[in-house]
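A.B. asks: Let me begin by handing over the structure; questions about it come next.
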Amino acid sequence: MLSRTAENLYWLARYVERAEYLARTIDATLRVTALPAAYIGKTNEWDSALLTAGVAASFYQTYEEANEHNVVDYLSFSADNPSSIRNCIEAARLNSRSVRTALTSEMWDTINSAWIELQAVWSKGTSTREDLAKFLRFVQETSLRFDGSAYRTMLRNDAYWFSRMGVHLERADNTARILDVKYHVLLPEEEHVGGPLDFYQWSSILRSVSALTAYHWVYRETLKPWLIADLLILNDTLPRSLASCYGNLVRNLDQIGVAYGRQGPAQRHARGIRNRLEHSNMNDIFQHGVHEFIQEFIADNSRLGEIITKQYLI
Amino acid sequence: MAVAFDEMNIPGGDLRPAYQELARWLKETPPEALEYRRQEAELLFRRIGITFAVYGDSESTERLIPFDVIPRIMSGKEWALLEKGLKQRVRALNMFLRDIYHGRDILRAEIVPDDLIFQNPVFRPEMNGQQVPHDVYVHIAGIDIVRVDAEDFIVLEDNARTPSGVSYMLENREIMMRLFPDLFARHRVAPVERYPDELLSALRSVAPHSASGEPTVALLTPGVYNSAYYEHSFLADKLGIELVEGRDLIVKNNEVFMRTTEGVKRIDVIYRRVDDDFLDPLTFRPDSVLGVPGLMSAYAAGNITLANAVGTGIADDKAIYSYMPDIVKFYLGEEPILKNVPTWRCREPKDLAYVLDNLGELVVKEVHGSGGYGMLIGPAATKATIEAFREKLKREPEGFIAQPTLALSTCPTCTASGLAPRHVDLRPFVLTGSKGTTIVPGGLTRVALKEGSLVVNSSQGGGTKDTWILDE
């Protein structure tokens, strides 16, 4: 297939995934900030939301204060923030238009009708909490619909694999970014101070990767920070864990390798990351420093993106 | 201006045969039902994303072309005549182009003046002596046809460069069949759906000699911001060929390749929807980012076929248009079946004098204009506009032609105040490959939705209709 088509499919999937993740982050932050101050401590959760979205620096060029109004606006509706939900949807629609021939009509319809629907939101904004909640739900549902139509209607060929790679790479990045910002509340030394304060932080983390229920099913335990870290990093049964994302990335890259009859640096690099995740346990990770581990992962993950681009997309 | 020819009603109250069943159906169908279907059609268009961009329109970058649900109907007999005339005209266009870029017999015979060719910016000296497979220059032609009476078909304009609109012909039919299955059951409408197949086989038939047994065809688009982008992606999809942009292509050793995820792959035929000027920055506009550097040298080496060929603009130029009847006679030795609109060439002093004296009655067009821009419709223009145009004409007479204001035929059309006659034209699409010329029965009917308006261009508020040729 055309390199540009593959590139568009890959980024299309990333934009949709990112829009959903932003919606989840805002949703989780709204919940935690609605609690009385005694339950969440002095950290500014809206500031954390900006950090996990990776847009704190650009935010403070326009705004003075990271409060609900400003951050929701910047992450959702801002035309100036290149990774706002709005710009993700716009970019997804533009990419869809340029690869219409590679999309199934169901996928196109999902993106196009969401785009049409959201034009009204862009021009009017959301005036009430209820409107905002509806909007955030709509964005998440759009992503589910898009993912579902890809899964149910696409031919299982390189177009599908490139699109899935976009999903998993973006997902891994998002999960790692939450861990990067919140790692300090997951450190085991703080176990003994883990009062109600941390409990709400932990549940908020799980909520932003839609894993709160999953946690209880997997561990049958009350919330424990090291188990949360274990779930998000190493548990490959959780679709948003780093291990699961890399299991999928390796599989997709192998499928492409088989179809094209040749492997390359992308396959090797992805396998390297997957092996490291497979052979790690939380004890070692805590011993060597969660923060260092996560930062290394973020760098490795974005390196994989560059290698894939070089090998296939240009 | 004469009274327009009504395609449905005969003066005196009778109906033309082709419209009888439709008239009966319209009588049975309540107006609300039509309005409901119209809204449904619009929703479908928007969801499928059948939109076009209007340049210089910042408010809405993507617009729908209004779709009128009342079909425009022609009898099989009328179509047979039109089809014959179209084939004749396109044959002549191809022979004219072959001649202009080779022997130039027609110039020696003094049928067409030299300077009209050589001083014309759309003449491409790069094409002199260039062989094109099977001598086909215009693989896809869109000939704009109007009617003023029951007997004649008149060519308003030849489009021999990158004519657009065929996706509307196909989508309009799809949507009509979805909305009005009962109406189709009551008519025998000739199908149009084999157009993509015929286009693909025409394109494959003109592959260069150096191509493999299964030539690779691609559609070259300027990209998503082009006004006809939807059509480009639609056709690529229907033909099952790659939709490429200039940046997807590279030229190596005078062969053209596309960049794929598995390395580069040679292509043999490019159905290009990019204008000559932007095709190759090394030959034409150096600032073009839409083109492919080196494409023209691969073309000269005979390793790639461009459809349509480069330099076809010289055949559909509005200044050349007035010579078309002579061109048909010169190459084919036949009387032209399709008529021309009488045309005054403002470059000729006698004609100019007449045009200046009668501006209020005439339509004046820029020789190099398209899309209905930059033209004067005398009877509809204000005094000030006419005077401004008079100055333009005096300053640069060779840039204009003038024609009488034609009373374009009308068809019943949905309007805010019920069904009413509106002016229409027709663009059939004529395909030419190595095995000759084919035309899918029908074409794109454009309709001027404003009462009394004669401008059918979508960029100026025109709409479209499904066009039915009855199989009798």
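By convention in this document, the chains of the structure tokens carry letters A, B, ... by their order, each chain's residues are numbered from 1, and ligands are numbered from 1 in the order they are shown.
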Apply DSSP to the backbone of this structure and, from stretch 208-413 of chain B, keep only the residues in helix (DSSP H, G or I); write these as a ChimeraX atom specification.
C.D. replies: /B:229-239,246-248,276-279,295-300,313-316,318-321,324-332,349-357,359-361,378-380,383-395,397-399
A.B. asks: What would the file look like if the residues just selected were written as a PDB file, in the first residue's frame with C-alpha atoms?
C.D. replies:
```pdb
ATOM      1  CA  TYR B 229     -11.426  15.735  -3.948  1.00  0.00           C
ATOM      2  CA  TYR B 230     -14.473  13.692  -3.079  1.00  0.00           C
ATOM      3  CA  GLU B 231     -14.771  12.657  -6.693  1.00  0.00           C
ATOM      4  CA  HIS B 232     -11.122  11.660  -6.863  1.00  0.00           C
ATOM      5  CA  SER B 233     -11.368   9.372  -3.855  1.00  0.00           C
ATOM      6  CA  PHE B 234     -14.720   8.032  -5.047  1.00  0.00           C
ATOM      7  CA  LEU B 235     -13.355   7.097  -8.465  1.00  0.00           C
ATOM      8  CA  ALA B 236     -10.125   5.602  -7.127  1.00  0.00           C
ATOM      9  CA  ASP B 237     -12.254   3.457  -4.853  1.00  0.00           C
ATOM     10  CA  LYS B 238     -14.624   2.337  -7.611  1.00  0.00           C
ATOM     11  CA  LEU B 239     -11.762   1.624 -10.011  1.00  0.00           C
ATOM     12  CA  GLY B 246       2.517  14.218  -6.174  1.00  0.00           C
ATOM     13  CA  ARG B 247       4.578  13.474  -3.083  1.00  0.00           C
ATOM     14  CA  ASP B 248       3.762   9.764  -3.389  1.00  0.00           C
ATOM     15  CA  ASP B 276      -0.930  20.756 -16.829  1.00  0.00           C
ATOM     16  CA  ASP B 277       0.628  23.731 -15.085  1.00  0.00           C
ATOM     17  CA  PHE B 278       1.150  21.817 -11.855  1.00  0.00           C
ATOM     18  CA  LEU B 279       2.184  18.411 -13.210  1.00  0.00           C
ATOM     19  CA  LEU B 295       7.264  13.358 -14.782  1.00  0.00           C
ATOM     20  CA  MET B 296       7.442  15.060 -18.168  1.00  0.00           C
ATOM     21  CA  SER B 297      10.732  13.411 -19.057  1.00  0.00           C
ATOM     22  CA  ALA B 298       9.276   9.994 -18.205  1.00  0.00           C
ATOM     23  CA  TYR B 299       6.328  10.992 -20.385  1.00  0.00           C
ATOM     24  CA  ALA B 300       8.617  12.011 -23.246  1.00  0.00           C
ATOM     25  CA  GLY B 313      -6.485  22.611 -23.370  1.00  0.00           C
ATOM     26  CA  ILE B 314      -5.831  23.823 -26.894  1.00  0.00           C
ATOM     27  CA  ALA B 315      -8.848  21.810 -28.061  1.00  0.00           C
ATOM     28  CA  ASP B 316     -11.409  23.017 -25.516  1.00  0.00           C
ATOM     29  CA  LYS B 318     -13.271  28.933 -25.864  1.00  0.00           C
ATOM     30  CA  ALA B 319     -11.521  30.695 -28.735  1.00  0.00           C
ATOM     31  CA  ILE B 320     -11.070  27.394 -30.607  1.00  0.00           C
ATOM     32  CA  TYR B 321     -14.666  26.413 -29.813  1.00  0.00           C
ATOM     33  CA  MET B 324     -15.338  23.228 -33.992  1.00  0.00           C
ATOM     34  CA  PRO B 325     -17.893  22.757 -36.800  1.00  0.00           C
ATOM     35  CA  ASP B 326     -15.095  23.347 -39.332  1.00  0.00           C
ATOM     36  CA  ILE B 327     -12.764  21.091 -37.376  1.00  0.00           C
ATOM     37  CA  VAL B 328     -15.298  18.245 -37.502  1.00  0.00           C
ATOM     38  CA  LYS B 329     -15.774  18.701 -41.235  1.00  0.00           C
ATOM     39  CA  PHE B 330     -12.028  18.948 -41.897  1.00  0.00           C
ATOM     40  CA  TYR B 331     -11.040  15.674 -40.224  1.00  0.00           C
ATOM     41  CA  LEU B 332     -14.107  13.530 -40.689  1.00  0.00           C
ATOM     42  CA  PRO B 349     -12.873  43.810 -35.242  1.00  0.00           C
ATOM     43  CA  LYS B 350     -16.180  43.244 -37.040  1.00  0.00           C
ATOM     44  CA  ASP B 351     -17.397  40.867 -34.357  1.00  0.00           C
ATOM     45  CA  LEU B 352     -16.156  43.132 -31.576  1.00  0.00           C
ATOM     46  CA  ALA B 353     -18.091  46.069 -32.960  1.00  0.00           C
ATOM     47  CA  TYR B 354     -21.266  43.977 -33.008  1.00  0.00           C
ATOM     48  CA  VAL B 355     -20.674  42.708 -29.474  1.00  0.00           C
ATOM     49  CA  LEU B 356     -20.075  46.204 -28.104  1.00  0.00           C
ATOM     50  CA  ASP B 357     -23.285  47.391 -29.697  1.00  0.00           C
ATOM     51  CA  LEU B 359     -23.834  43.866 -24.851  1.00  0.00           C
ATOM     52  CA  GLY B 360     -27.249  44.000 -23.226  1.00  0.00           C
ATOM     53  CA  GLU B 361     -28.424  40.891 -25.080  1.00  0.00           C
ATOM     54  CA  GLY B 378     -26.214  40.811 -20.621  1.00  0.00           C
ATOM     55  CA  PRO B 379     -29.954  40.544 -19.993  1.00  0.00           C
ATOM     56  CA  ALA B 380     -29.408  39.889 -16.281  1.00  0.00           C
ATOM     57  CA  LYS B 383     -25.961  48.980 -16.460  1.00  0.00           C
ATOM     58  CA  ALA B 384     -22.839  49.527 -14.389  1.00  0.00           C
ATOM     59  CA  THR B 385     -21.691  45.916 -14.816  1.00  0.00           C
ATOM     60  CA  ILE B 386     -22.217  46.161 -18.558  1.00  0.00           C
ATOM     61  CA  GLU B 387     -20.201  49.354 -18.749  1.00  0.00           C
ATOM     62  CA  ALA B 388     -17.385  47.870 -16.689  1.00  0.00           C
ATOM     63  CA  PHE B 389     -17.352  44.898 -19.032  1.00  0.00           C
ATOM     64  CA  ARG B 390     -17.308  47.161 -22.055  1.00  0.00           C
ATOM     65  CA  GLU B 391     -14.042  48.663 -20.808  1.00  0.00           C
ATOM     66  CA  LYS B 392     -12.547  45.218 -20.212  1.00  0.00           C
ATOM     67  CA  LEU B 393     -13.544  44.148 -23.707  1.00  0.00           C
ATOM     68  CA  LYS B 394     -11.994  47.184 -25.334  1.00  0.00           C
ATOM     69  CA  ARG B 395      -8.792  46.737 -23.412  1.00  0.00           C
ATOM     70  CA  PRO B 397     -10.737  41.960 -26.974  1.00  0.00           C
ATOM     71  CA  GLU B 398      -8.816  38.746 -27.737  1.00  0.00           C
ATOM     72  CA  GLY B 399      -9.582  37.544 -24.211  1.00  0.00           C
TER      73      GLY B 399
END
```
A.B. asks: If we count only C-alpha atoms, which residues of chain A reach to within 7 Å of chain B? Please list them as an MDAnalysis selection string.
C.D. replies: chainID A and resid 1:4 97:98 100:101 109 112:113 260 312:313
A.B. asks: Would you output that residue set with C-alpha atoms, as an mmCIF file, in the first residue's frame?
C.D. replies:
```cif
data_model
loop_
_atom_site.group_PDB
_atom_site.id
_atom_site.type_symbol
_atom_site.label_atom_id
_atom_site.label_comp_id
_atom_site.auth_asym_id
_atom_site.auth_seq_id
_atom_site.Cartn_x
_atom_site.Cartn_y
_atom_site.Cartn_z
ATOM 1 C CA MET A 1 0.000 0.000 0.000
ATOM 2 C CA LEU A 2 1.012 3.624 -0.412
ATOM 3 C CA SER A 3 3.281 4.803 2.387
ATOM 4 C CA ARG A 4 1.147 7.892 2.785
ATOM 5 C CA ARG A 97 -10.722 12.053 3.992
ATOM 6 C CA SER A 98 -7.267 11.498 2.578
ATOM 7 C CA ARG A 100 -11.154 7.221 2.308
ATOM 8 C CA THR A 101 -10.343 4.482 -0.131
ATOM 9 C CA ASP A 109 -19.273 7.187 8.850
ATOM 10 C CA ASN A 112 -17.585 11.931 9.627
ATOM 11 C CA SER A 113 -20.794 11.931 11.625
ATOM 12 C CA TYR A 260 5.989 -8.359 3.239
ATOM 13 C CA TYR A 312 7.287 2.070 6.376
ATOM 14 C CA LEU A 313 5.676 5.448 6.337
#
```
A.B. asks: Tell me which of B:Ile140, B:Leu290, B:Ala23, B:Ile111 sits closest to B:Asn308, counting only C-alpha atoms.
C.D. replies: B:Ile140
A.B. asks: If you run DSSP on the backbone here, which positions in stretch 54-226 of chain B get strand (DSSP E)? Please write them as a PDB file with N, CA and C atoms, in the first residue's frame.
C.D. replies:
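Contents of the output file result.pdb:
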```
ATOM      1  N   PHE B  67     -29.321  18.860  -4.403  1.00  0.00           N
ATOM      2  CA  PHE B  67     -29.771  17.775  -5.259  1.00  0.00           C
ATOM      3  C   PHE B  67     -31.277  17.867  -5.428  1.00  0.00           C
ATOM      4  N   ASP B  68     -31.722  17.875  -6.666  1.00  0.00           N
ATOM      5  CA  ASP B  68     -33.150  17.923  -6.923  1.00  0.00           C
ATOM      6  C   ASP B  68     -33.642  16.517  -7.221  1.00  0.00           C
ATOM      7  N   VAL B  69     -34.686  16.099  -6.501  1.00  0.00           N
ATOM      8  CA  VAL B  69     -35.113  14.698  -6.601  1.00  0.00           C
ATOM      9  C   VAL B  69     -35.943  14.376  -7.850  1.00  0.00           C
ATOM     10  N   ILE B  70     -36.371  15.406  -8.598  1.00  0.00           N
ATOM     11  CA  ILE B  70     -37.135  15.118  -9.816  1.00  0.00           C
ATOM     12  C   ILE B  70     -36.152  14.780 -10.947  1.00  0.00           C
ATOM     13  N   PRO B  71     -36.239  13.564 -11.508  1.00  0.00           N
ATOM     14  CA  PRO B  71     -35.263  13.205 -12.537  1.00  0.00           C
ATOM     15  C   PRO B  71     -35.504  13.967 -13.833  1.00  0.00           C
ATOM     16  N   ARG B  72     -34.439  14.083 -14.599  1.00  0.00           N
ATOM     17  CA  ARG B  72     -34.555  14.665 -15.936  1.00  0.00           C
ATOM     18  C   ARG B  72     -34.553  13.481 -16.904  1.00  0.00           C
ATOM     19  N   ILE B  73     -35.535  13.432 -17.786  1.00  0.00           N
ATOM     20  CA  ILE B  73     -35.747  12.228 -18.579  1.00  0.00           C
ATOM     21  C   ILE B  73     -35.574  12.504 -20.071  1.00  0.00           C
ATOM     22  N   MET B  74     -34.899  11.564 -20.750  1.00  0.00           N
ATOM     23  CA  MET B  74     -34.772  11.650 -22.203  1.00  0.00           C
ATOM     24  C   MET B  74     -35.174  10.318 -22.797  1.00  0.00           C
ATOM     25  N   ILE B 140     -10.939  11.144 -21.392  1.00  0.00           N
ATOM     26  CA  ILE B 140     -12.196  11.445 -20.700  1.00  0.00           C
ATOM     27  C   ILE B 140     -12.615  12.847 -21.114  1.00  0.00           C
ATOM     28  N   ALA B 141     -13.765  12.948 -21.765  1.00  0.00           N
ATOM     29  CA  ALA B 141     -14.255  14.268 -22.163  1.00  0.00           C
ATOM     30  C   ALA B 141     -15.599  14.507 -21.499  1.00  0.00           C
ATOM     31  N   GLY B 142     -15.832  15.735 -21.090  1.00  0.00           N
ATOM     32  CA  GLY B 142     -17.155  16.119 -20.583  1.00  0.00           C
ATOM     33  C   GLY B 142     -17.684  17.196 -21.521  1.00  0.00           C
ATOM     34  N   ILE B 143     -18.701  16.858 -22.286  1.00  0.00           N
ATOM     35  CA  ILE B 143     -19.196  17.812 -23.284  1.00  0.00           C
ATOM     36  C   ILE B 143     -20.485  18.423 -22.746  1.00  0.00           C
ATOM     37  N   ASP B 144     -20.499  19.727 -22.560  1.00  0.00           N
ATOM     38  CA  ASP B 144     -21.692  20.374 -22.005  1.00  0.00           C
ATOM     39  C   ASP B 144     -22.709  20.658 -23.104  1.00  0.00           C
ATOM     40  N   ILE B 145     -23.890  20.082 -22.896  1.00  0.00           N
ATOM     41  CA  ILE B 145     -24.935  20.112 -23.923  1.00  0.00           C
ATOM     42  C   ILE B 145     -26.143  20.892 -23.397  1.00  0.00           C
ATOM     43  N   VAL B 146     -26.712  21.722 -24.268  1.00  0.00           N
ATOM     44  CA  VAL B 146     -27.980  22.366 -23.914  1.00  0.00           C
ATOM     45  C   VAL B 146     -28.983  22.149 -25.038  1.00  0.00           C
ATOM     46  N   ILE B 154     -27.160  21.262 -28.603  1.00  0.00           N
ATOM     47  CA  ILE B 154     -26.149  22.271 -28.859  1.00  0.00           C
ATOM     48  C   ILE B 154     -25.015  22.113 -27.857  1.00  0.00           C
ATOM     49  N   VAL B 155     -23.793  22.142 -28.352  1.00  0.00           N
ATOM     50  CA  VAL B 155     -22.643  22.062 -27.442  1.00  0.00           C
ATOM     51  C   VAL B 155     -22.357  23.453 -26.905  1.00  0.00           C
ATOM     52  N   LEU B 156     -22.368  23.559 -25.588  1.00  0.00           N
ATOM     53  CA  LEU B 156     -22.077  24.848 -24.969  1.00  0.00           C
ATOM     54  C   LEU B 156     -20.576  24.970 -24.761  1.00  0.00           C
ATOM     55  N   GLU B 157     -19.950  23.840 -24.457  1.00  0.00           N
ATOM     56  CA  GLU B 157     -18.542  23.876 -24.093  1.00  0.00           C
ATOM     57  C   GLU B 157     -17.990  22.465 -24.157  1.00  0.00           C
ATOM     58  N   ASP B 158     -16.746  22.341 -24.677  1.00  0.00           N
ATOM     59  CA  ASP B 158     -16.060  21.056 -24.599  1.00  0.00           C
ATOM     60  C   ASP B 158     -15.140  21.108 -23.391  1.00  0.00           C
ATOM     61  N   ASN B 159     -15.085  20.024 -22.622  1.00  0.00           N
ATOM     62  CA  ASN B 159     -14.126  19.959 -21.512  1.00  0.00           C
ATOM     63  C   ASN B 159     -13.182  18.793 -21.769  1.00  0.00           C
ATOM     64  N   VAL B 217      -2.451   1.327 -12.823  1.00  0.00           N
ATOM     65  CA  VAL B 217      -3.067   2.625 -13.041  1.00  0.00           C
ATOM     66  C   VAL B 217      -3.212   3.319 -11.688  1.00  0.00           C
ATOM     67  N   ALA B 218      -2.983   4.619 -11.638  1.00  0.00           N
ATOM     68  CA  ALA B 218      -3.210   5.366 -10.398  1.00  0.00           C
ATOM     69  C   ALA B 218      -3.917   6.676 -10.728  1.00  0.00           C
ATOM     70  N   LEU B 219      -4.658   7.199  -9.751  1.00  0.00           N
ATOM     71  CA  LEU B 219      -5.325   8.487  -9.944  1.00  0.00           C
ATOM     72  C   LEU B 219      -4.545   9.554  -9.184  1.00  0.00           C
ATOM     73  N   LEU B 220      -4.104  10.567  -9.891  1.00  0.00           N
ATOM     74  CA  LEU B 220      -3.316  11.628  -9.273  1.00  0.00           C
ATOM     75  C   LEU B 220      -4.220  12.797  -8.896  1.00  0.00           C
TER      76      LEU B 220
END
```
A.B. asks: Mind checking which residues fall within 7 Å of B:Leu376, counting only C-alpha atoms, ignoring those fewer than 6 positions away in the same chain, and posting them as a list of chain:residue names?
C.D. replies: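 Residues near the query, excluding close chain neighbours: B:Val363, B:Val364, B:Lys365.
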A.B. asks: How would the residues just picked look written out with C-alpha atoms as a short mmCIF file (atom, residue, chain, number, x, y, z; two decimals), in the first residue's frame?
C.D. replies:
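Printed below is part11.cif as written:
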```cif
data_model
loop_
_atom_site.label_atom_id
_atom_site.label_comp_id
_atom_site.auth_asym_id
_atom_site.auth_seq_id
_atom_site.Cartn_x
_atom_site.Cartn_y
_atom_site.Cartn_z
CA VAL B 363 -23.38 36.42 -22.91
CA VAL B 364 -19.71 37.36 -22.87
CA LYS B 365 -17.17 34.79 -21.64
#
```
A.B. asks: So that I can check the surroundings of B:Ala309, please list as a compact mmCIF listing (two decimals) with N, CA and C atoms, in the first residue's frame every protein, DNA and RNA residue that reaches within 9 Å of it, counting only C-alpha atoms and ignoring chain neighbours fewer than 2 positions away.
C.D. replies:
```
# COMPACT_ATOMS: atom_id res chain seq x y z
N VAL B 132 1.65 9.72 -28.40
CA VAL B 132 0.86 9.21 -27.27
C VAL B 132 0.19 7.91 -27.73
N VAL B 136 -4.54 8.73 -28.67
CA VAL B 136 -5.64 9.24 -27.84
C VAL B 136 -5.09 10.34 -26.93
N TYR B 137 -5.66 11.50 -27.05
CA TYR B 137 -5.27 12.63 -26.19
C TYR B 137 -6.33 12.85 -25.10
N VAL B 138 -7.58 12.81 -25.54
CA VAL B 138 -8.68 13.08 -24.61
C VAL B 138 -9.35 11.74 -24.27
N HIS B 139 -8.92 11.13 -23.17
CA HIS B 139 -9.49 9.84 -22.78
C HIS B 139 -10.84 10.03 -22.11
N ARG B 161 -9.85 18.76 -20.55
CA ARG B 161 -8.68 18.73 -19.65
C ARG B 161 -8.94 17.74 -18.53
N ASP B 276 -2.25 20.74 -16.17
CA ASP B 276 -0.93 20.76 -16.83
C ASP B 276 0.09 21.57 -16.04
N THR B 305 1.72 6.87 -19.35
CA THR B 305 0.64 7.50 -20.10
C THR B 305 -0.10 8.44 -19.16
N LEU B 306 -0.32 9.65 -19.60
CA LEU B 306 -1.12 10.58 -18.82
C LEU B 306 -2.50 10.69 -19.46
N ALA B 307 -3.53 10.59 -18.64
CA ALA B 307 -4.89 10.71 -19.15
C ALA B 307 -5.60 11.78 -18.31
N GLY B 311 -1.58 19.17 -22.73
CA GLY B 311 -1.81 20.07 -23.87
C GLY B 311 -3.17 19.97 -24.52
N THR B 312 -4.11 19.27 -23.90
CA THR B 312 -5.44 19.14 -24.52
C THR B 312 -6.24 20.43 -24.40
```
A.B. asks: Write out as number ranges by chain each polymer residue whose atoms come within 9 Å of stretch 201-213 of chain B, counting only C-alpha atoms; drop sequence neighbours fewer than 5 positions from it.
C.D. replies: B: 132-134, 136, 139, 196, 266-271, 302-305, 307, 431-437
A.B. asks: Take the residues that were just selected and, keeping C-alpha atoms, output them as an mmCIF file, in the first residue's frame.
C.D. replies:
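Output file selection.cif is given in full below:
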```
data_model
loop_
_atom_site.group_PDB
_atom_site.id
_atom_site.type_symbol
_atom_site.label_atom_id
_atom_site.label_comp_id
_atom_site.auth_asym_id
_atom_site.auth_seq_id
_atom_site.Cartn_x
_atom_site.Cartn_y
_atom_site.Cartn_z
ATOM 1 C CA VAL B 132 0.857 9.208 -27.274
ATOM 2 C CA PRO B 133 -0.446 5.602 -27.250
ATOM 3 C CA HIS B 134 -3.091 4.988 -29.938
ATOM 4 C CA VAL B 136 -5.637 9.237 -27.842
ATOM 5 C CA HIS B 139 -9.493 9.844 -22.778
ATOM 6 C CA PRO B 196 -15.973 2.870 -13.557
ATOM 7 C CA ARG B 266 6.223 1.220 -11.006
ATOM 8 C CA ILE B 267 3.060 2.768 -12.411
ATOM 9 C CA ASP B 268 2.129 2.878 -16.071
ATOM 10 C CA VAL B 269 -0.956 5.023 -16.460
ATOM 11 C CA ILE B 270 -1.841 8.131 -14.487
ATOM 12 C CA TYR B 271 -5.432 9.317 -14.532
ATOM 13 C CA GLY B 302 7.132 6.914 -23.386
ATOM 14 C CA ASN B 303 7.171 5.152 -20.014
ATOM 15 C CA ILE B 304 4.015 6.647 -18.612
ATOM 16 C CA THR B 305 0.636 7.503 -20.104
ATOM 17 C CA ALA B 307 -4.893 10.707 -19.149
ATOM 18 C CA LEU B 431 -14.474 7.735 -22.807
ATOM 19 C CA THR B 432 -11.881 6.937 -25.444
ATOM 20 C CA GLY B 433 -9.418 4.034 -25.293
ATOM 21 C CA SER B 434 -7.566 1.954 -27.848
ATOM 22 C CA LYS B 435 -10.784 0.244 -28.895
ATOM 23 C CA GLY B 436 -12.785 3.381 -29.578
ATOM 24 C CA THR B 437 -15.240 5.591 -27.820
#
```
A.B. asks: Between A:Val32, A:Leu155, A:Ile233, A:Ile228, which is the closest to A:Leu187 once you count only C-alpha atoms?
C.D. replies: A:Ile228
A.B. asks: Using only C-alpha atoms, find the one residue out of A:Arg251, A:Lys182, A:Arg177, A:Arg240 that sits nearest to A:Ala214.
C.D. replies: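 Among the listed residues, A:Arg240 lies closest to A:Ala214.
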A.B. asks: What does the distance from atom CA of A:His269 to atom CA of A:Asp284 come to in Å, to one decimal?
C.D. replies: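 We find that atom CA of A:His269 and atom CA of A:Asp284 lie 21.9 Å from each other.
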